[in-house]
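Chemist: Take this structure, written in structure tokens, and hold onto it; I'll ask about it next.
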Amino acid sequence: MTDVMDQTSPQIEVRNLKTYFYTEDGVVRAVDGLSYRLAKGETLALVGESGCGKSVSALSVMRLIASPGKIVEGEILLDGLDLLQCSETEMREVRGNRISMIFQEPMTSLNPVFTIGNQIMEAIRVHQDVSRKEARDRTIAMIRRVKISAAETRVDEYPHQMSGGMRQRVMIAMALACNPEVLIADEPTTALDVTIQAQIMELLAELQSEFQMSILLITHNLGLVAEVSDQVAVMYASKVVEHTSTAELFASPLHPYTHGLLTSVPTLGMPREQKLNVIPGQVPNPLHFPTGCRFHPRCPVAEQRCKQEEPLLREVKPGHWAACHFIENGKSPIKGADR
Amino acid sequence: MSTEASKNSEVLLRVEHLKNYFPVRQGLLSRVTAYVKAVDDISFEIGVGETLGLVGESGCGKTTVGHSVLRLINPTEGTVLFQGKDLTHLPAAELRAMRQDMQIIFQDPFSSLNPRMTVGAIIGEALAIHGRGDRKERAEMVRDTMQKCGLDPAYINRFPHEFSGGQRQRIGIARALVLSPKFIVCDEPVSALDVSIQSQIINLLVELKERYNLAYLFIAHDLSVVQYISDRVAVMYLGKIVELADSTELYRNPLHPYTQALLSAVPVPDPTRRKQRTLLPGDVPSPLNPPSGCRFHTRCPLAIDICKKVEPRELDVEGHKVWCHVVEEQITGSPPSS
């Protein structure tokens with residue numbers, strides 16, 4: 001596997017990462033040879049359908065994979081530091097301090113028996129040597145920064161007293177309390193209504209420029225990808241199948257899977273006469289991936305070669321990586337894919 | 001009521017002044033202390049073969065509307081006329097007979113199928129209940145319906161857990177379709193599915209509708225999906241319809257400030273069209289204690305004094321209905337009055 005992108009010092013570089021789960025039914029290859037780069041101060045969107053391994057890849061970066069799961073191979077470089085070589089003590093310095101994470105469901109990731117102030121303070125006190133008083137002041141400032149009104153009183157409230165959007169703001173406050181370099185946002189708005197989603201994404205964009213942080217955004221929503229990300233990595237069956245800038249990906253998707261995804265969602269204002277594209281079949285079971293190219297049973301242009309030979313992620317045109325045998329001269333094998 | 005639903009067909013379903021209040025009981029004697037006004041005086045109609053989309057954020061009452069229309073819950077007030085018959089006061093036996101023509105597809109294909117029943121039994125149950133055909137004929141009808149919904153009839157004796165989410169949703173659709181109904185309530189039928197599976201199901205629903213002249217009440221929170229599949233769209237906010245119009249008209253010319261905000265909040269999968277959006281402040285208020293006057297006034301960027309006191313009335317501009325004082329003033333030119 002060659003380097004995914006030739007830029008100077010990425011914030012996070014993942015090389016050939018493999019995370020497997022050893023279950024009774026067999027080995028689930030949840031992440032299987034994943035590579036991507038997240039540049040400093042940028043947002044990289046990791047897109048894919050459920051079960052494609054996007055969340056497991058994020059948890060691998062945090063080294064939060066529990067038995068029967070195991071990171072079996074690869075490198076995860078945080079500004080040059082290989083996280084897979086770090087000891088557990090060293091990792092604790094990284095987690096929540098240099099890399100933070102927010103999750104999809106803010107209700108289940110907050111502890112219901114502690115006040116939100118307590119939970120944000122914990123993050124500060126674990127990583128920084130400050131007094132209780134100072135930690136509390138910083139917590140209140142943080143709550144204010146995520147635009148929750150009446151921060152002085154809300155700091156003593158419990159999660160159940162807040163709405164879904166408010167809880168996600170609390171999660172963000174907790175994640176950013178130690179001013180991390182990288183924020184991993186795993187489907188941060190999937191559980192929220194659209195108007196609340198818009199508020200949260202706006203807030204994240206503001207905080208990103210304020211804190212100068214890089215964001216790894218995990219999502220299945222192509223609309224969100226188009227609106228907030230700089231780079232995109234499309235995942236299918238535990239691998240990256242296409243990796244390029246957001247503008248390039250939407251203008252000329254090269255991998256047949258990406259093309260299928262982009263044309264199968266209705267967009268606002270689309271007339272009904274225009275039929276939605278369909279990717280036939282279903283996402284493969286990670287216990288039994290198809291041979292060769294994992295997309296071949298669903299691919300409209302697959303040939304014999306695709307069943308036998310696995311395509312590598314290669315630079316098919318400057319700044320545009322894709323894993324498909326039939327991309328030639330930077331052209332998609334699907335007619336009319338370049339919009 | 002205007003009759004724009006019937007411009008190309010007769011009215012199949014007419015809902016008038018529907019209200020659904022759920023009592024909140026509290027204290028030692030569990031006395032009713034308040035009411036959640038989940039649906040508060042809404043009216044609409046659906047023509048034969050027409051799709052009406054119902055959008056709104058969680059808790060706005062859209063699912064309650066879907067359930068009251070089928071009388072899966074009894075409405076507090078109002079009438080639901082299906083083919084001219086008022087369902088709200090129909091005796092149980094007659095209601096059951098009527099239900100052959102009205103079915104429902106649920107959101108979650110995992111919890112809405114009985115795990116102990118085979119696919120054949122799930123789909124065929126309704127046929128047995130309504131006494132259609134004998135055993136053999138019923139099995140034939142089930143196979144036929146499975147085929148129509150893109151399921152291999154050879155799987156008739158399998159159990160739901162042997163299927164993927166998309167296939168399970170097809171089982172849910174087959175169950176609704178097997179009685180050849182005229183009307184189906186689709187309650188968030190694709191929101192639990194993956195993107196590539198979503199389009200398979202949407203295409204199937206569109207195809208079935210055209211083939212069997214079905215009418216849908218399509219309930220969803222995803223505006224792009226609703227706008228794509230519906231002929232007309234009703235936007236709900238806190239138990240009320242705030243705007244109702246032809247689906248392309250609603251998208252091109254949204255009049256209500258809530259509809260505008262909702263449309264602008266939907267992320268568009270096109271990076272060249274990153275837009276400035278109207279961000280709504282705050283959260284949706286509790287339906288337990290909805291704001292006075294126009295329920296949207298607490299978050300509305302255009303709200304004026306009257307919005308806090310007086311409920312807006314229906315304004316009908318050539319079939320495009322909207323409930324908003326400010327829009328009314330802009331269009332009619334006269335200040336809103338009580």
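A note on labels: chains of the structure tokens are A, B, ... as shown, every chain counts residues from 1, and ligands are counted from 1 in their shown order.
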Quick check for you: according to DSSP on this backbone, which residues of segment 74-194 of chain A are classed as strand (DSSP E)? Reply as a VMD selection string.

Modeler: chain A and resid 74 to 78 81 to 82 99 to 102 182 to 186

Chemist: List as an mmCIF file with C-alpha atoms, in the first residue's frame the protein and nucleic acid residues near Ala174 of chain B, meaning an atom at most 7 Å away when only C-alpha atoms are counted, but skip any in the same chain fewer than 3 places from it.

Modeler:
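Okay, this is what ended up in part.cif:
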```cif
data_model
loop_
_atom_site.group_PDB
_atom_site.id
_atom_site.type_symbol
_atom_site.label_atom_id
_atom_site.label_comp_id
_atom_site.auth_asym_id
_atom_site.auth_seq_id
_atom_site.Cartn_x
_atom_site.Cartn_y
_atom_site.Cartn_z
ATOM 1 C CA ILE B 123 -48.160 -12.279 5.428
ATOM 2 C CA THR B 145 -47.484 -11.021 -3.022
ATOM 3 C CA MET B 146 -43.944 -11.986 -2.029
ATOM 4 C CA CYS B 149 -42.481 -7.221 -3.275
ATOM 5 C CA ARG B 170 -40.293 -6.014 2.113
ATOM 6 C CA ILE B 171 -42.073 -8.562 4.329
ATOM 7 C CA LEU B 177 -50.318 -5.378 0.403
ATOM 8 C CA VAL B 178 -51.701 -8.907 0.521
#
```

Chemist: Please give the complete set of residues from segment 77-108 of chain A that DSSP, run on the backbone, assigns to helix (DSSP H, G or I), formatted as a PyMOL selection string.

Modeler: chain A and resi 83-85+88-94+106-108

Chemist: Include C-alpha atoms and write out the residues we just selected as a PDB file, in the first residue's frame.

Modeler:
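Saved to out_36.pdb:
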```pdb
ATOM      1  CA  LEU A  83      -0.436   4.992  18.805  1.00  0.00           C
ATOM      2  CA  LEU A  84      -0.267   1.236  18.373  1.00  0.00           C
ATOM      3  CA  GLN A  85       3.200   1.252  19.961  1.00  0.00           C
ATOM      4  CA  GLU A  88      -1.707   1.964  28.130  1.00  0.00           C
ATOM      5  CA  THR A  89      -0.396   4.781  30.370  1.00  0.00           C
ATOM      6  CA  GLU A  90       0.750   6.747  27.353  1.00  0.00           C
ATOM      7  CA  MET A  91      -2.597   6.141  25.676  1.00  0.00           C
ATOM      8  CA  ARG A  92      -4.380   7.634  28.662  1.00  0.00           C
ATOM      9  CA  GLU A  93      -2.499  10.858  28.034  1.00  0.00           C
ATOM     10  CA  VAL A  94      -3.752  10.831  24.458  1.00  0.00           C
ATOM     11  CA  PRO A 106     -25.782  11.455  23.733  1.00  0.00           C
ATOM     12  CA  MET A 107     -28.214   9.888  26.197  1.00  0.00           C
ATOM     13  CA  THR A 108     -26.319   6.638  26.555  1.00  0.00           C
TER      14      THR A 108
END
```

Chemist: Neighbouring residues of segment 129-139 of chain B were defined as those with any atom within 12 Å, considering only C-alpha atoms; residues of the same chain fewer than 5 positions away were excluded. Please report them as a list in words.

Modeler: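 My reading of the contact set: Ala93, Glu94, Arg96, Ala97, Met98, Arg99, Gln100, Asp101, Val119, Gly120, Ala121, Ile122, Ile123, Gly124, Asp144, Thr145, Met146, Pro153, Ala154, Ile156, Asn157, Val178, Leu179 and Ser180 of chain B.
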
Chemist: Just how far from atom CA of Val69 of chain B is atom CA of Ala38 of chain B, in Å to one decimal?

Modeler: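 A separation of 13.8 Å between them.
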
Chemist: Using only C-alpha atoms, I'd like every residue of chain B that has an atom within 10 Å of chain A; please write them out as a ChimeraX atom specification.

Modeler: /B:56-58,164-167,193-203,206,221-231,247-252,258,261-275,277-284

Chemist: Env of segment 128-135 of chain A: 12 Å cut, atoms = only C-alpha atoms, seq-sep filter 6 positions within chain, self excluded. Answer as a PyMOL selection string.

Modeler: chain A and resi 93+96-97+117-122+141-142+155+177-179

Chemist: Write to file, as a PDB file, in the first residue's frame, the residues of the selection just made, with N, CA and C atoms.

Modeler:
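Heads up, here's the output in out_13.pdb:
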```pdb
ATOM      1  N   GLU A  93      -2.855   9.459  28.254  1.00  0.00           N
ATOM      2  CA  GLU A  93      -2.499  10.858  28.034  1.00  0.00           C
ATOM      3  C   GLU A  93      -3.059  11.375  26.709  1.00  0.00           C
ATOM      4  N   GLY A  96      -8.901  11.788  25.205  1.00  0.00           N
ATOM      5  CA  GLY A  96      -9.586  12.858  25.923  1.00  0.00           C
ATOM      6  C   GLY A  96      -8.747  14.111  26.029  1.00  0.00           C
ATOM      7  N   ASN A  97      -7.440  13.982  25.740  1.00  0.00           N
ATOM      8  CA  ASN A  97      -6.541  15.114  25.869  1.00  0.00           C
ATOM      9  C   ASN A  97      -6.085  15.587  24.485  1.00  0.00           C
ATOM     10  N   GLY A 117     -21.982  19.033  34.964  1.00  0.00           N
ATOM     11  CA  GLY A 117     -20.787  19.748  35.401  1.00  0.00           C
ATOM     12  C   GLY A 117     -19.729  18.786  35.919  1.00  0.00           C
ATOM     13  N   ASN A 118     -20.178  17.841  36.729  1.00  0.00           N
ATOM     14  CA  ASN A 118     -19.287  16.817  37.260  1.00  0.00           C
ATOM     15  C   ASN A 118     -18.549  16.072  36.170  1.00  0.00           C
ATOM     16  N   GLN A 119     -19.303  15.726  35.106  1.00  0.00           N
ATOM     17  CA  GLN A 119     -18.726  14.911  34.047  1.00  0.00           C
ATOM     18  C   GLN A 119     -17.732  15.688  33.202  1.00  0.00           C
ATOM     19  N   ILE A 120     -18.015  16.969  32.986  1.00  0.00           N
ATOM     20  CA  ILE A 120     -17.065  17.780  32.214  1.00  0.00           C
ATOM     21  C   ILE A 120     -15.817  18.047  33.056  1.00  0.00           C
ATOM     22  N   MET A 121     -16.036  18.313  34.346  1.00  0.00           N
ATOM     23  CA  MET A 121     -14.930  18.578  35.263  1.00  0.00           C
ATOM     24  C   MET A 121     -13.975  17.399  35.350  1.00  0.00           C
ATOM     25  N   GLU A 122     -14.553  16.192  35.321  1.00  0.00           N
ATOM     26  CA  GLU A 122     -13.744  14.988  35.409  1.00  0.00           C
ATOM     27  C   GLU A 122     -12.708  14.965  34.286  1.00  0.00           C
ATOM     28  N   ALA A 141     -17.326  27.950  31.720  1.00  0.00           N
ATOM     29  CA  ALA A 141     -16.932  28.659  30.499  1.00  0.00           C
ATOM     30  C   ALA A 141     -17.160  27.782  29.272  1.00  0.00           C
ATOM     31  N   MET A 142     -16.843  26.501  29.437  1.00  0.00           N
ATOM     32  CA  MET A 142     -17.006  25.545  28.332  1.00  0.00           C
ATOM     33  C   MET A 142     -18.481  25.381  27.968  1.00  0.00           C
ATOM     34  N   VAL A 155     -24.983  23.906  34.924  1.00  0.00           N
ATOM     35  CA  VAL A 155     -23.836  23.075  35.268  1.00  0.00           C
ATOM     36  C   VAL A 155     -24.209  22.036  36.328  1.00  0.00           C
ATOM     37  N   ALA A 177     -13.004  19.991  26.328  1.00  0.00           N
ATOM     38  CA  ALA A 177     -12.554  20.595  27.581  1.00  0.00           C
ATOM     39  C   ALA A 177     -11.029  20.684  27.665  1.00  0.00           C
ATOM     40  N   CYS A 178     -10.319  19.725  27.086  1.00  0.00           N
ATOM     41  CA  CYS A 178      -8.859  19.745  27.167  1.00  0.00           C
ATOM     42  C   CYS A 178      -8.207  20.220  25.880  1.00  0.00           C
ATOM     43  N   ASN A 179      -8.996  20.876  25.041  1.00  0.00           N
ATOM     44  CA  ASN A 179      -8.448  21.460  23.834  1.00  0.00           C
ATOM     45  C   ASN A 179      -7.709  20.426  22.967  1.00  0.00           C
TER      46      ASN A 179
END
```

Chemist: For a quick check of understanding, using only C-alpha atoms, which of A:Ala30, A:Met101, A:Val241, A:Ile215 has the smallest distance to Met174 of chain A?

Modeler: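 For Met174 of chain A, the nearest of the given residues is A:Met101.
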